[in-house]
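> So here's upload_22.pdb (PDB, C-alpha atoms).
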ATOM      1  CA  MET L 323     207.302 -76.296 182.703
ATOM      2  CA  ALA L 324     209.996 -78.886 182.027
ATOM      3  CA  ASP L 325     212.711 -76.217 182.163
ATOM      4  CA  ILE L 326     211.530 -75.066 185.579
ATOM      5  CA  THR L 327     211.205 -78.520 187.142
ATOM      6  CA  THR L 328     214.529 -79.917 185.953
ATOM      7  CA  GLU L 329     216.369 -77.455 188.184
ATOM      8  CA  ARG L 330     214.172 -78.098 191.201
ATOM      9  CA  GLU L 331     214.327 -81.700 192.337
ATOM     10  CA  PHE L 332     211.616 -81.385 195.017
ATOM     11  CA  LEU L 333     209.175 -79.761 192.603
ATOM     12  CA  ALA L 334     209.842 -82.386 189.931
ATOM     13  CA  ARG L 335     209.354 -85.242 192.404
ATOM     14  CA  ARG L 336     206.123 -83.806 193.785
ATOM     15  CA  LEU L 337     204.783 -83.306 190.266
ATOM     16  CA  ARG L 338     205.600 -86.946 189.416
ATOM     17  CA  GLU L 339     203.858 -88.075 192.602
ATOM     18  CA  TRP L 340     200.720 -86.023 191.899
ATOM     19  CA  THR L 341     200.701 -87.485 188.391
ATOM     20  CA  LEU L 342     200.993 -91.006 189.812
ATOM     21  CA  LEU L 343     198.104 -90.373 192.220
ATOM     22  CA  ARG L 344     195.997 -89.182 189.302
ATOM     23  CA  SER L 345     197.002 -92.142 187.136
ATOM     24  CA  ILE L 346     196.006 -94.638 189.811
ATOM     25  CA  THR L 347     192.717 -92.817 190.407
ATOM     26  CA  MET L 348     191.948 -92.867 186.679
ATOM     27  CA  GLY L 349     192.691 -96.590 186.417
ATOM     28  CA  GLU L 350     195.799 -96.085 184.325
ATOM     29  CA  PRO L 351     198.782 -98.459 184.577
ATOM     30  CA  TRP L 352     201.138 -98.091 187.531
ATOM     31  CA  GLY L 353     203.905-100.190 188.997
ATOM     32  CA  PRO L 354     204.304-101.370 192.580
ATOM     33  CA  GLU L 355     207.829 -99.962 192.713
ATOM     34  CA  GLU L 356     206.496 -96.481 191.920
ATOM     35  CA  VAL L 357     204.267 -96.694 194.995
ATOM     36  CA  THR L 358     206.766 -98.287 197.373
ATOM     37  CA  THR L 359     209.557 -95.868 196.466
ATOM     38  CA  GLY L 360     207.306 -92.825 196.754
ATOM     39  CA  SER L 361     207.979 -90.246 199.438
ATOM     40  CA  ASP L 362     206.393 -90.417 202.872
ATOM     41  CA  TRP L 363     204.070 -87.612 201.731
ATOM     42  CA  PHE L 364     203.031 -89.575 198.654
ATOM     43  CA  GLN L 365     202.333 -92.753 200.599
ATOM     44  CA  ARG L 366     200.282 -90.928 203.244
ATOM     45  CA  LYS L 367     198.292 -89.121 200.530
ATOM     46  CA  ALA L 368     197.732 -92.411 198.675
ATOM     47  CA  VAL L 369     196.352 -94.062 201.813
ATOM     48  CA  GLU L 370     194.089 -91.078 202.469
ATOM     49  CA  THR L 371     192.713 -90.662 198.963
ATOM     50  CA  LEU L 372     193.040 -93.733 196.775
ATOM     51  CA  PRO L 373     190.214 -96.278 196.681
ATOM     52  CA  SER L 374     192.374 -99.054 195.194
ATOM     53  CA  PRO L 375     192.597-102.237 197.295
ATOM     54  CA  ALA L 376     195.761-103.147 195.358
ATOM     55  CA  VAL L 377     197.510 -99.930 196.420
ATOM     56  CA  LEU L 378     196.238-100.166 199.987
ATOM     57  CA  THR L 379     197.377-103.787 200.269
ATOM     58  CA  LEU L 380     200.786-102.902 198.881
ATOM     59  CA  LEU L 381     201.171-100.033 201.334
ATOM     60  CA  ALA L 382     199.879-102.118 204.250
ATOM     61  CA  GLU L 383     202.660-104.599 203.540
ATOM     62  CA  ALA L 384     205.488-102.410 202.244
ATOM     63  CA  GLY L 385     204.778 -98.819 203.232
ATOM     64  CA  ARG L 386     207.785 -96.763 204.252
ATOM     65  CA  THR L 387     206.570 -95.972 207.749
ATOM     66  CA  ARG L 388     204.628 -97.699 210.492
ATOM     67  CA  ARG L 389     201.979 -94.986 210.168
ATOM     68  CA  VAL L 390     201.450 -95.683 206.461
ATOM     69  CA  ARG L 391     201.282 -99.445 207.009
ATOM     70  CA  ALA L 392     198.819 -99.091 209.903
ATOM     71  CA  ASP L 393     196.582 -96.571 208.116
ATOM     72  CA  ALA L 394     196.491 -98.680 204.944
ATOM     73  CA  SER L 395     195.609-101.780 206.971
ATOM     74  CA  ARG L 396     192.867 -99.852 208.751
ATOM     75  CA  ARG L 397     191.354 -98.650 205.468
ATOM     76  CA  LEU L 398     191.411-102.173 204.084
ATOM     77  CA  ARG L 399     189.606-103.518 207.162
ATOM     78  CA  GLN L 400     187.036-100.747 206.979
ATOM     79  CA  GLY L 401     186.337-101.548 203.352
ATOM     80  CA  HIS L 402     186.193 -97.905 202.181
ATOM     81  CA  HIS L 403     187.552 -98.645 198.739
ATOM     82  CA  SER L 404     186.694-100.028 195.341
ATOM     83  CA  ASP L 405     188.754-101.324 192.436
TER
END
In structure tokens, write the structure found in this file.

Amino acid sequence: MADITTEREFLARRLREWTLLRSITMGEPWGPEEVTTGSDWFQRKAVETLPSPAVLTLLAEAGRTRRVRADASRRLRQGHHSD
């Protein structure tokens, strides 16, 4: 798998982002910079799927797009999360 992904930047990035989503979901360590430098796709998916108030707060404040920031803020207000 490593041989295939090293030649395909998009595939490698998406795989890293899926792995980060899984890590956060499983309660494994993650860094704020990993979340804030993630692609627009990653940030939208994180807002849609992750229950972590820490991630949602981070994205509400520092998400890449207005949409991500607004959606993260909305989820925080609605309280549909747990940590």
> Mind pulling up the distance from atom CA of Ile346 of chain L to atom CA of Pro375 of chain L?
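Pair atom CA of Pro375 of chain L / atom CA of Ile346 of chain L returns 11.2 Å.
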> Enter the distance from atom CA of Leu337 of chain L to atom CA of Gly401 of chain L, in Å, rounded to one decimal.
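Rounded to one decimal, the two atoms are 29.1 Å apart.
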> Just the number, please: distance in Å from atom CA of Ala368 of chain L to atom CA of Arg330 of chain L, one decimal.
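It comes out at 23.0 Å.
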> Given all atoms listed in the file as the basis, pick out the residue of L:Pro373, L:Pro354, L:Gly360, L:Gly349 nearest to Val390 of chain L.
L:Gly360
> Excluding Arg396 of chain L and residues on its chain fewer than 4 positions from it, collect all residues at most 10 Å away from it, counting all atoms listed in the file, and give them as a compact mmCIF listing (two decimals) with C-alpha atoms, in the frame of the given file.

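To be explicit, this is the file written out as result-v8.txt:
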# COMPACT_ATOMS: atom_id res chain seq x y z
CA VAL L 369 196.35 -94.06 201.81
CA LEU L 378 196.24 -100.17 199.99
CA ALA L 382 199.88 -102.12 204.25
CA VAL L 390 201.45 -95.68 206.46
CA ARG L 391 201.28 -99.44 207.01
CA ALA L 392 198.82 -99.09 209.90
CA GLN L 400 187.04 -100.75 206.98
CA GLY L 401 186.34 -101.55 203.35
CA HIS L 402 186.19 -97.90 202.18
